[in-house]
>>> print(open('work-v6.txt').read())   # compact mmCIF, C-alpha atoms and all ligand atoms
# COMPACT_ATOMS: atom_id res chain seq x y z
CA MET A 6 185.22 29.11 71.34
CA LYS A 7 187.34 26.33 69.82
CA SER A 8 184.79 23.68 70.79
CA GLY A 9 182.07 25.90 69.25
CA ILE A 10 183.88 25.85 65.90
CA GLN A 11 184.33 22.08 66.13
CA SER A 12 180.60 21.64 66.90
CA SER A 13 179.58 23.67 63.87
CA LYS A 14 182.07 21.69 61.73
CA MET A 15 180.50 18.45 62.98
CA PHE A 16 177.05 19.85 62.23
CA TYR A 17 177.97 20.62 58.62
CA ILE A 18 179.64 17.23 58.20
CA LEU A 19 176.53 15.47 59.52
CA LEU A 20 174.28 17.66 57.37
CA SER A 21 176.24 16.85 54.23
CA ILE A 22 176.10 13.10 55.06
CA VAL A 23 172.31 13.32 55.50
CA MET A 24 171.92 15.26 52.23
CA VAL A 25 174.04 12.83 50.22
CA SER A 26 172.26 9.83 51.79
CA SER A 27 168.85 11.29 50.96
CA LEU A 28 169.80 11.34 47.28
CA TYR A 29 169.51 7.54 47.31
CA PHE A 30 165.76 7.90 47.77
CA VAL A 31 165.50 10.65 45.16
CA VAL A 32 167.56 8.98 42.43
CA PRO A 33 167.81 5.29 43.39
CA SER A 34 167.94 4.29 39.73
CA VAL A 35 171.24 6.11 39.32
CA ILE A 36 172.71 4.05 42.11
CA VAL A 37 171.22 0.77 40.80
CA ALA A 38 172.47 1.55 37.30
CA GLU A 39 176.00 1.71 38.66
CA GLU A 40 175.84 -1.96 39.71
CA SER A 41 178.17 -4.07 37.65
CA PRO A 42 176.52 -6.70 35.47
CA ARG A 43 176.88 -10.15 36.96
CA THR A 44 178.27 -12.96 34.89
CA PHE A 45 176.22 -16.12 34.32
CA LEU A 46 176.91 -19.38 32.60
CA THR A 47 173.84 -20.19 30.48
CA HIS A 48 172.33 -23.59 29.79
CA THR A 49 174.06 -23.55 26.44
CA GLY A 50 177.46 -23.02 28.02
CA LEU A 51 177.74 -19.39 26.92
CA VAL A 52 178.92 -16.70 29.32
CA ILE A 53 176.50 -13.78 29.45
CA GLN A 54 176.20 -10.68 31.62
CA THR A 55 173.07 -9.24 33.17
CA THR A 56 172.09 -6.77 35.88
CA GLY A 57 168.74 -8.42 36.44
CA ASP A 58 165.78 -9.62 34.39
CA VAL A 59 167.00 -7.97 31.22
CA ILE A 60 169.63 -9.99 29.48
CA ASP A 61 172.29 -8.06 27.66
CA PRO A 62 173.04 -10.48 24.86
CA ILE A 63 176.80 -10.22 25.26
CA GLY A 64 178.25 -13.51 24.19
CA TYR A 65 175.34 -14.50 21.95
CA ASP A 66 176.21 -14.63 18.32
CA GLY A 67 173.23 -16.75 17.26
CA GLU A 68 170.82 -15.83 14.52
CA ALA A 69 168.11 -13.36 15.57
CA LEU A 70 164.64 -14.80 15.28
CA ASP A 71 161.26 -13.12 14.89
CA PHE A 72 158.02 -14.71 16.00
CA ASP A 73 154.50 -13.61 15.07
CA PRO A 74 151.90 -14.80 17.62
CA ASP A 75 149.02 -13.76 15.30
CA LYS A 76 150.33 -16.00 12.54
CA PHE A 77 151.20 -18.84 14.91
CA MET A 78 147.75 -19.06 16.52
CA LYS A 79 146.03 -19.72 13.17
CA GLU A 80 148.69 -21.76 11.40
CA PHE A 81 148.39 -25.54 11.12
CA ASP A 82 150.90 -27.89 9.54
CA PHE A 83 148.94 -30.65 7.77
CA GLY A 84 152.10 -32.17 6.28
CA GLU A 85 152.73 -33.46 2.76
CA VAL A 86 149.89 -35.83 1.86
CA THR A 87 150.20 -39.10 -0.07
CA ILE A 88 147.39 -41.63 -0.45
CA LEU A 89 148.82 -45.13 0.00
CA ASP A 90 147.64 -48.17 -1.99
CA ASP A 91 145.41 -49.35 0.85
CA GLY A 92 143.76 -45.89 1.01
CA THR A 93 145.60 -44.77 4.13
CA VAL A 94 146.46 -41.07 4.19
CA LEU A 95 150.19 -40.61 4.80
CA ARG A 96 151.18 -37.22 6.20
CA GLU A 97 154.88 -36.41 6.19
CA PHE A 98 156.33 -33.64 8.33
CA TYR A 99 159.85 -32.21 8.49
CA ILE A 100 161.02 -30.91 11.85
CA THR A 101 164.47 -29.50 12.56
CA ALA A 102 165.76 -28.71 16.05
CA ARG A 103 168.21 -25.88 16.75
CA ASP A 104 169.53 -24.37 19.96
CA ASP A 105 171.61 -21.40 18.83
CA GLN A 106 169.06 -18.69 18.07
CA ILE A 107 168.07 -15.60 20.03
CA MET A 108 164.70 -13.90 20.17
CA GLU A 109 163.77 -10.49 21.50
CA VAL A 110 160.90 -11.81 23.59
CA SER A 111 159.99 -8.40 25.00
CA PRO A 112 161.46 -4.98 24.19
CA GLY A 113 165.13 -5.15 25.18
CA VAL A 114 164.85 -8.69 26.52
CA PHE A 115 166.80 -11.24 24.51
CA TYR A 116 166.56 -14.95 25.12
CA ASN A 117 168.40 -17.93 23.72
CA VAL A 118 165.53 -19.97 22.26
CA TRP A 119 165.79 -23.61 21.28
CA THR A 120 163.49 -24.18 18.33
CA PHE A 121 161.59 -26.71 16.24
CA ASN A 122 161.46 -25.23 12.70
CA ASP A 123 162.71 -21.84 13.90
CA SER A 124 159.71 -21.26 16.14
CA VAL A 125 158.69 -21.33 19.83
CA PRO A 126 156.34 -23.16 20.06
CA GLY A 127 157.13 -25.45 17.14
CA PRO A 128 154.58 -25.90 14.34
CA THR A 129 151.11 -27.17 15.25
CA ILE A 130 151.02 -30.65 13.74
CA ARG A 131 147.57 -31.66 12.49
CA ALA A 132 146.24 -34.97 11.16
CA THR A 133 142.97 -36.89 11.01
CA GLU A 134 142.30 -39.99 13.08
CA GLY A 135 143.81 -43.06 11.38
CA ASP A 136 146.28 -41.14 9.20
CA LEU A 137 149.83 -42.46 9.08
CA VAL A 138 152.06 -39.71 10.50
CA ARG A 139 155.71 -39.76 9.44
CA ILE A 140 158.02 -37.18 10.92
CA HIS A 141 161.48 -36.62 9.47
CA PHE A 142 163.43 -35.19 12.38
CA THR A 143 166.85 -33.54 12.03
CA ASN A 144 168.94 -32.22 14.88
CA GLU A 145 170.95 -29.19 13.82
CA GLY A 146 171.54 -28.19 17.45
CA SER A 147 174.71 -28.46 19.50
CA LYS A 148 173.06 -30.78 22.05
CA PRO A 149 171.14 -34.05 21.70
CA HIS A 150 167.39 -33.64 21.16
CA SER A 151 164.37 -35.84 20.41
CA LEU A 152 160.66 -35.72 19.62
CA HIS A 153 158.26 -37.23 22.13
CA PHE A 154 154.65 -37.21 21.00
CA HIS A 155 151.70 -37.72 23.31
CA GLY A 156 149.15 -40.19 21.94
CA ILE A 157 149.07 -43.90 21.11
CA HIS A 158 152.15 -45.37 19.41
CA LYS A 159 154.84 -48.04 19.65
CA ALA A 160 157.53 -47.78 22.36
CA GLU A 161 160.32 -47.25 19.83
CA MET A 162 158.46 -44.19 18.48
CA ASP A 163 158.19 -42.59 21.92
CA GLY A 164 161.29 -40.40 21.55
CA VAL A 165 162.47 -40.93 25.11
CA PHE A 166 165.34 -43.44 25.16
CA GLU A 167 166.86 -42.56 21.78
CA SER A 168 168.25 -39.05 21.84
CA ILE A 169 169.41 -37.76 18.47
CA GLY A 170 172.90 -36.26 18.49
CA THR A 171 174.19 -33.21 16.63
CA GLY A 172 173.66 -33.67 12.89
CA GLY A 173 171.57 -36.79 13.52
CA LYS A 174 168.28 -37.76 11.91
CA PHE A 175 165.41 -39.96 13.03
CA THR A 176 162.10 -40.85 11.41
CA TYR A 177 159.16 -41.17 13.78
CA GLU A 178 156.11 -42.99 12.45
CA PHE A 179 152.76 -43.71 14.05
CA TYR A 180 149.05 -43.65 13.34
CA ALA A 181 147.17 -40.55 14.46
CA GLU A 182 145.21 -41.66 17.51
CA PRO A 183 143.26 -40.94 19.59
CA VAL A 184 141.15 -37.99 18.44
CA GLY A 185 142.04 -34.94 20.49
CA LEU A 186 144.46 -32.21 21.36
CA HIS A 187 147.89 -33.51 22.28
CA LEU A 188 151.42 -32.13 22.36
CA TYR A 189 154.99 -32.97 21.53
CA HIS A 190 158.26 -31.95 23.09
CA CYS A 191 161.91 -32.83 23.35
CA HIS A 192 162.48 -35.53 25.99
CA VAL A 193 166.24 -35.36 26.42
CA HIS A 194 167.57 -35.03 29.97
CA PRO A 195 167.36 -32.55 31.65
CA VAL A 196 163.91 -32.25 30.08
CA GLU A 197 163.21 -29.14 32.15
CA GLU A 198 166.01 -27.29 30.37
CA HIS A 199 164.98 -28.42 26.89
CA ILE A 200 161.33 -27.46 27.46
CA ALA A 201 162.12 -24.15 29.20
CA HIS A 202 164.08 -23.06 26.13
CA GLY A 203 161.19 -23.78 23.76
CA LEU A 204 161.28 -27.33 22.34
CA TYR A 205 157.54 -28.12 22.27
CA GLY A 206 154.41 -27.75 20.16
CA ALA A 207 150.75 -28.71 19.81
CA TYR A 208 149.50 -31.83 18.01
CA ILE A 209 145.86 -32.07 16.90
CA VAL A 210 144.10 -35.25 15.78
CA ASP A 211 140.81 -34.39 14.09
CA PRO A 212 137.90 -36.83 14.13
CA LYS A 213 136.99 -38.45 10.78
CA GLU A 214 133.63 -36.72 11.08
CA PRO A 215 134.81 -33.09 11.33
CA ARG A 216 133.95 -30.96 14.32
CA GLU A 217 131.37 -28.18 13.82
CA PRO A 218 132.74 -25.23 11.81
CA ALA A 219 134.38 -22.58 14.00
CA GLU A 220 137.11 -19.98 14.00
CA GLU A 221 140.06 -21.85 15.48
CA PHE A 222 142.98 -20.60 17.54
CA VAL A 223 145.93 -22.31 19.22
CA PHE A 224 147.18 -21.02 22.54
CA VAL A 225 150.28 -22.66 23.98
CA LEU A 226 150.73 -21.41 27.54
CA ASN A 227 154.41 -20.98 28.30
CA GLY A 228 156.95 -18.96 30.28
CA LEU A 229 160.43 -17.53 29.94
CA ASP A 230 163.21 -17.85 32.51
CA THR A 231 165.38 -15.07 31.13
CA ASP A 232 167.85 -14.94 34.01
CA PHE A 233 168.34 -18.72 34.32
CA ASP A 234 167.43 -18.95 38.01
CA GLY A 235 164.87 -21.74 37.56
CA GLU A 236 161.88 -19.38 37.84
CA ASN A 237 159.91 -17.69 35.10
CA ASN A 238 160.43 -13.98 34.60
CA PHE A 239 157.66 -13.79 32.00
CA TYR A 240 154.47 -15.73 31.25
CA ALA A 241 152.51 -15.80 28.01
CA ALA A 242 150.02 -17.37 25.68
CA ASN A 243 152.17 -18.05 22.59
CA THR A 244 155.54 -16.88 23.90
CA ILE A 245 155.42 -13.07 23.69
CA PRO A 246 154.33 -11.48 27.01
CA PHE A 247 151.33 -9.10 26.76
CA TYR A 248 151.16 -9.61 22.97
CA TYR A 249 147.40 -10.12 22.61
CA GLN A 250 146.74 -7.34 25.10
CA HIS A 251 148.37 -4.94 22.67
CA HIS A 252 147.07 -6.80 19.58
CA PRO A 253 143.47 -7.83 20.40
CA ILE A 254 142.20 -10.92 18.56
CA GLU A 255 139.25 -9.75 16.46
CA ILE A 256 136.15 -11.94 16.34
CA ASN A 257 132.44 -11.36 15.72
CA ILE A 258 129.57 -11.67 18.12
CA ASN A 259 127.84 -15.06 17.97
CA GLN A 260 130.80 -16.44 16.01
CA ASN A 261 131.69 -19.94 17.13
CA ILE A 262 135.22 -20.00 18.50
CA ARG A 263 137.27 -23.12 19.17
CA ALA A 264 140.46 -22.65 21.18
CA TYR A 265 143.10 -25.37 21.45
CA VAL A 266 144.82 -24.62 24.76
CA VAL A 267 148.01 -26.48 25.73
CA ASN A 268 149.88 -25.84 28.98
CA ILE A 269 153.63 -26.51 28.72
CA LEU A 270 154.69 -24.04 31.43
CA GLU A 271 157.93 -25.12 33.11
CA PHE A 272 158.92 -24.42 36.76
CA ASP A 273 155.36 -23.63 38.02
CA ALA A 274 153.14 -26.52 39.12
CA VAL A 275 149.91 -25.19 37.64
CA ASN A 276 148.72 -22.66 35.13
CA ASN A 277 145.23 -21.47 34.45
CA PHE A 278 142.97 -19.84 31.88
CA HIS A 279 140.15 -17.43 32.65
CA LEU A 280 137.78 -16.03 30.02
CA HIS A 281 135.84 -12.78 30.58
CA GLY A 282 132.31 -11.97 29.45
CA THR A 283 131.21 -15.45 28.44
CA LEU A 284 131.67 -19.12 29.37
CA PHE A 285 133.09 -22.02 27.40
CA HIS A 286 132.33 -25.69 27.03
CA HIS A 287 135.56 -27.57 27.58
CA TYR A 288 136.86 -30.96 26.47
CA PRO A 289 139.89 -32.30 28.41
CA ALA A 290 142.51 -33.45 25.87
CA GLY A 291 139.72 -33.07 23.29
CA THR A 292 139.13 -36.81 23.41
CA ASP A 293 135.44 -36.84 24.25
CA THR A 294 132.50 -35.54 22.24
CA VAL A 295 130.62 -34.48 25.36
CA PRO A 296 131.94 -31.41 27.19
CA SER A 297 133.14 -31.90 30.75
CA GLY A 298 131.84 -28.58 31.93
CA TYR A 299 130.62 -25.08 31.24
CA ASN A 300 132.94 -22.65 32.95
CA ASP A 301 135.09 -19.54 32.64
CA MET A 302 138.08 -21.03 34.49
CA LEU A 303 140.45 -23.90 33.78
CA THR A 304 143.32 -25.09 35.95
CA MET A 305 145.97 -27.13 34.16
CA SER A 306 149.20 -28.86 35.18
CA GLN A 307 152.13 -29.16 32.80
CA GLY A 308 151.16 -31.21 29.74
CA ASP A 309 147.42 -30.71 30.28
CA ARG A 310 145.42 -29.43 27.36
CA GLN A 311 141.80 -28.55 26.70
CA ILE A 312 139.61 -27.71 23.73
CA LEU A 313 137.32 -24.76 24.48
CA GLU A 314 134.20 -23.81 22.52
CA PHE A 315 132.44 -20.51 23.07
CA ASN A 316 130.93 -17.41 21.54
CA TYR A 317 130.21 -13.84 22.64
CA LYS A 318 126.73 -12.40 23.06
CA TYR A 319 127.79 -8.76 23.29
CA PRO A 320 130.43 -6.71 21.43
CA GLY A 321 133.40 -5.11 23.14
CA LEU A 322 136.89 -5.76 24.44
CA TYR A 323 137.23 -8.80 26.70
CA MET A 324 140.24 -10.11 28.56
CA PHE A 325 141.37 -13.69 28.87
CA HIS A 326 144.30 -14.39 31.12
CA ALA A 327 145.79 -16.46 33.92
CA HIS A 328 143.68 -15.97 37.02
CA ASN A 329 146.93 -16.44 38.90
CA THR A 330 147.64 -12.72 39.11
CA GLU A 331 151.41 -13.12 39.21
CA PHE A 332 151.30 -14.83 35.81
CA SER A 333 148.95 -12.25 34.28
CA GLU A 334 150.96 -9.31 35.58
CA LYS A 335 154.09 -10.84 34.09
CA GLY A 336 152.62 -11.18 30.61
CA TRP A 337 149.95 -13.91 30.39
CA VAL A 338 147.13 -11.50 29.62
CA SER A 339 145.30 -11.35 26.30
CA THR A 340 142.17 -9.83 24.75
CA PHE A 341 139.38 -10.59 22.29
CA LEU A 342 137.85 -7.63 20.46
CA VAL A 343 134.28 -8.75 19.73
CA LYS A 344 132.82 -6.85 16.80
CA GLU A 345 129.21 -6.51 15.75
CA ASN A 346 128.26 -8.43 12.66
CA ALA A 347 125.20 -6.92 10.93
CA ASN A 348 124.01 -10.33 9.72
CA ASP A 349 123.66 -11.53 13.30
CA PHE A 350 121.12 -8.79 14.06
CA ASP A 351 118.65 -9.65 11.29
CA THR A 352 115.85 -10.25 13.80
CA GLU A 353 113.18 -9.38 11.23
CA VAL A 354 114.00 -12.51 9.24
CA GLU A 355 113.92 -14.64 12.37
CA TYR A 356 110.53 -13.14 13.29
CA ASP A 357 109.15 -13.89 9.79
CA ASP A 358 110.43 -17.45 10.06
CA ILE A 359 108.59 -17.95 13.33
CA ILE A 360 105.30 -16.61 11.89
CU CU B 401 166.19 -31.14 23.47
>>> encode(input="work-v6.txt", output="structure tokens", more="lines below")
Ligand SMILES: [Cu+2]
Amino acid sequence: MKSGIQSSKMFYILLSIVMVSSLYFVVPSVIVAEESPRTFLTHTGLVIQTTGDVIDPIGYDGEALDFDPDKFMKEFDFGEVTILDDGTVLREFYITARDDQIMEVSPGVFYNVWTFNDSVPGPTIRATEGDLVRIHFTNEGSKPHSLHFHGIHKAEMDGVFESIGTGGKFTYEFYAEPVGLHLYHCHVHPVEEHIAHGLYGAYIVDPKEPREPAEEFVFVLNGLDTDFDGENNFYAANTIPFYYQHHPIEININQNIRAYVVNILEFDAVNNFHLHGTLFHHYPAGTDTVPSGYNDMLTMSQGDRQILEFNYKYPGLYMFHAHNTEFSEKGWVSTFLVKENANDFDTEVEYDDII
């Protein structure tokens, strides 16, 4: 009898263990939520706490920063123009580096961005071949920074061996050459850290004879390592994951589109760009007048850039994204909304012209 009571006690004890254990599978989030945030030392030396990909900005007291990808993709900085005595066009730009700001890069995800002119990417610098480019650089950050431009220039203007300390200034000067799509970025060691935090931008040198008219967009392909483990948690065109998926870029059918695509993605060896519903002619670094191919896919390593020219034959919503599915599912997915333009369907006029 006694052993019978003990057996039933054991049964109920085992049953209650099984029931409590099964709750883990019913409400695992409750259990995960009880994990204590882990403490990390960030690149900037701040101590922050996080339970995973989402950074709780404890410890950040930097200025909050907003970024508008729609504005960025169509905004070009042509500088302040002066015509010199010999007829040369001088373009002066003012770029300030900071490393103390935070940006909500995705809902609830805060990231300590390092910025050129309060923006990630920095402003798209634009000049015409042969212009004299003068860049007044100021470092208002807590770490040394520099500006390294791709293109043709003197060694002392390369921004690699002379890092500019806190409060320092440096004037970079060079002629805009060659024609094409280039980039600039901070080149202070460890470069990986300075690029991963956002110190880069696009640099366009237009030919003296302008390219054909087109609607122009800049897409800087980048990523965000929000938990500082040396891998990207998010990927994007123009910094904000999934932005152009939720805010389609509106264009018209048969409208000529020119996209300036720069890959600055840190930590991953290659990035890529895939366009749906049409194909593009592409110009590597934009330096040649003859396209290198007609394709809907581009594969680019870090620092690679391409000018793409295309148009859409049919209206509708079309994706463009990384064909690397990990990247697209973590934010590098965008859309064009192609609208009908009545003027493009005036076939009667075309018919009359042929007659
Ligand atoms: Cu830097």
>>> atom_distance(input="work-v6.txt", atom1="CA of Lys335 (chain A)", atom2="CA of Ala242 (chain A)")
11.4 Å
>>> residues_around(input="work-v6.txt", residues="Gln106 (chain A)", least_positions_apart="4", cutoff="6 Å", atoms="only C-alpha atoms", output="VMD selection string")
chain A and resid 67 to 69 117 to 118
>>> closest_atom_pairs(input="work-v6.txt", of="chain A", to="ligand CU 401 (chain B)", cutoff="10 Å", atoms="all atoms listed in the file", output="CSV")
residue,atom,partner,partner_atom,distance
A:Ala102,CA,B:CU401,CU,7.8
A:Arg103,CA,B:CU401,CU,8.8
A:Asp104,CA,B:CU401,CU,8.3
A:Trp119,CA,B:CU401,CU,7.9
A:Thr120,CA,B:CU401,CU,9.1
A:Phe121,CA,B:CU401,CU,9.6
A:Asn144,CA,B:CU401,CU,9.1
A:Gly146,CA,B:CU401,CU,8.6
A:Ser147,CA,B:CU401,CU,9.8
A:Lys148,CA,B:CU401,CU,7.0
A:Pro149,CA,B:CU401,CU,6.0
A:His150,CA,B:CU401,CU,3.6
A:Ser151,CA,B:CU401,CU,5.9
A:Leu152,CA,B:CU401,CU,8.1
A:Ser168,CA,B:CU401,CU,8.3
A:Ile169,CA,B:CU401,CU,8.9
A:Gly170,CA,B:CU401,CU,9.8
A:His190,CA,B:CU401,CU,8.0
A:Cys191,CA,B:CU401,CU,4.6
A:His192,CA,B:CU401,CU,6.3
A:Val193,CA,B:CU401,CU,5.1
A:His194,CA,B:CU401,CU,7.7
A:Pro195,CA,B:CU401,CU,8.4
A:Val196,CA,B:CU401,CU,7.1
A:Glu197,CA,B:CU401,CU,9.4
A:Glu198,CA,B:CU401,CU,7.9
A:His199,CA,B:CU401,CU,4.5
A:Ile200,CA,B:CU401,CU,7.3
A:Ala201,CA,B:CU401,CU,9.9
A:His202,CA,B:CU401,CU,8.8
A:Gly203,CA,B:CU401,CU,8.9
A:Leu204,CA,B:CU401,CU,6.3
A:Tyr205,CA,B:CU401,CU,9.2
>>> closest_residue(input="work-v6.txt", among="A:Tyr240, A:Tyr319, A:Phe175, A:Phe285", to="Gly228 (chain A)", atoms="only C-alpha atoms")
A:Tyr240
>>> residues_around(input="work-v6.txt", residues="Glu255 (chain A)", least_positions_apart="4", cutoff="8 Å", atoms="only C-alpha atoms", output="number ranges by chain")
A: 341-344
>>> residues_around(input="work-v6.txt", residues="Asn268 (chain A)", least_positions_apart="6", cutoff="8 Å", atoms="all atoms listed in the file", output="list in words")
Val225, Leu226, Asn227, Asn276, Met305, Ser306, Gln307, Gly308, Asp309 and Arg310 of chain A
>>> write_last_selection(input="work-v6.txt", atoms="C-alpha atoms", output="JSON list (two decimals), in the frame of the given file")
[["chain", "number", "residue", "atom", "x", "y", "z"],
["A", 225, "VAL", "CA", 150.28, -22.66, 23.98],
["A", 226, "LEU", "CA", 150.73, -21.41, 27.54],
["A", 227, "ASN", "CA", 154.41, -20.98, 28.30],
["A", 276, "ASN", "CA", 148.72, -22.66, 35.13],
["A", 305, "MET", "CA", 145.97, -27.13, 34.16],
["A", 306, "SER", "CA", 149.20, -28.86, 35.18],
["A", 307, "GLN", "CA", 152.13, -29.16, 32.80],
["A", 308, "GLY", "CA", 151.16, -31.21, 29.74],
["A", 309, "ASP", "CA", 147.42, -30.71, 30.28],
["A", 310, "ARG", "CA", 145.42, -29.43, 27.36]]
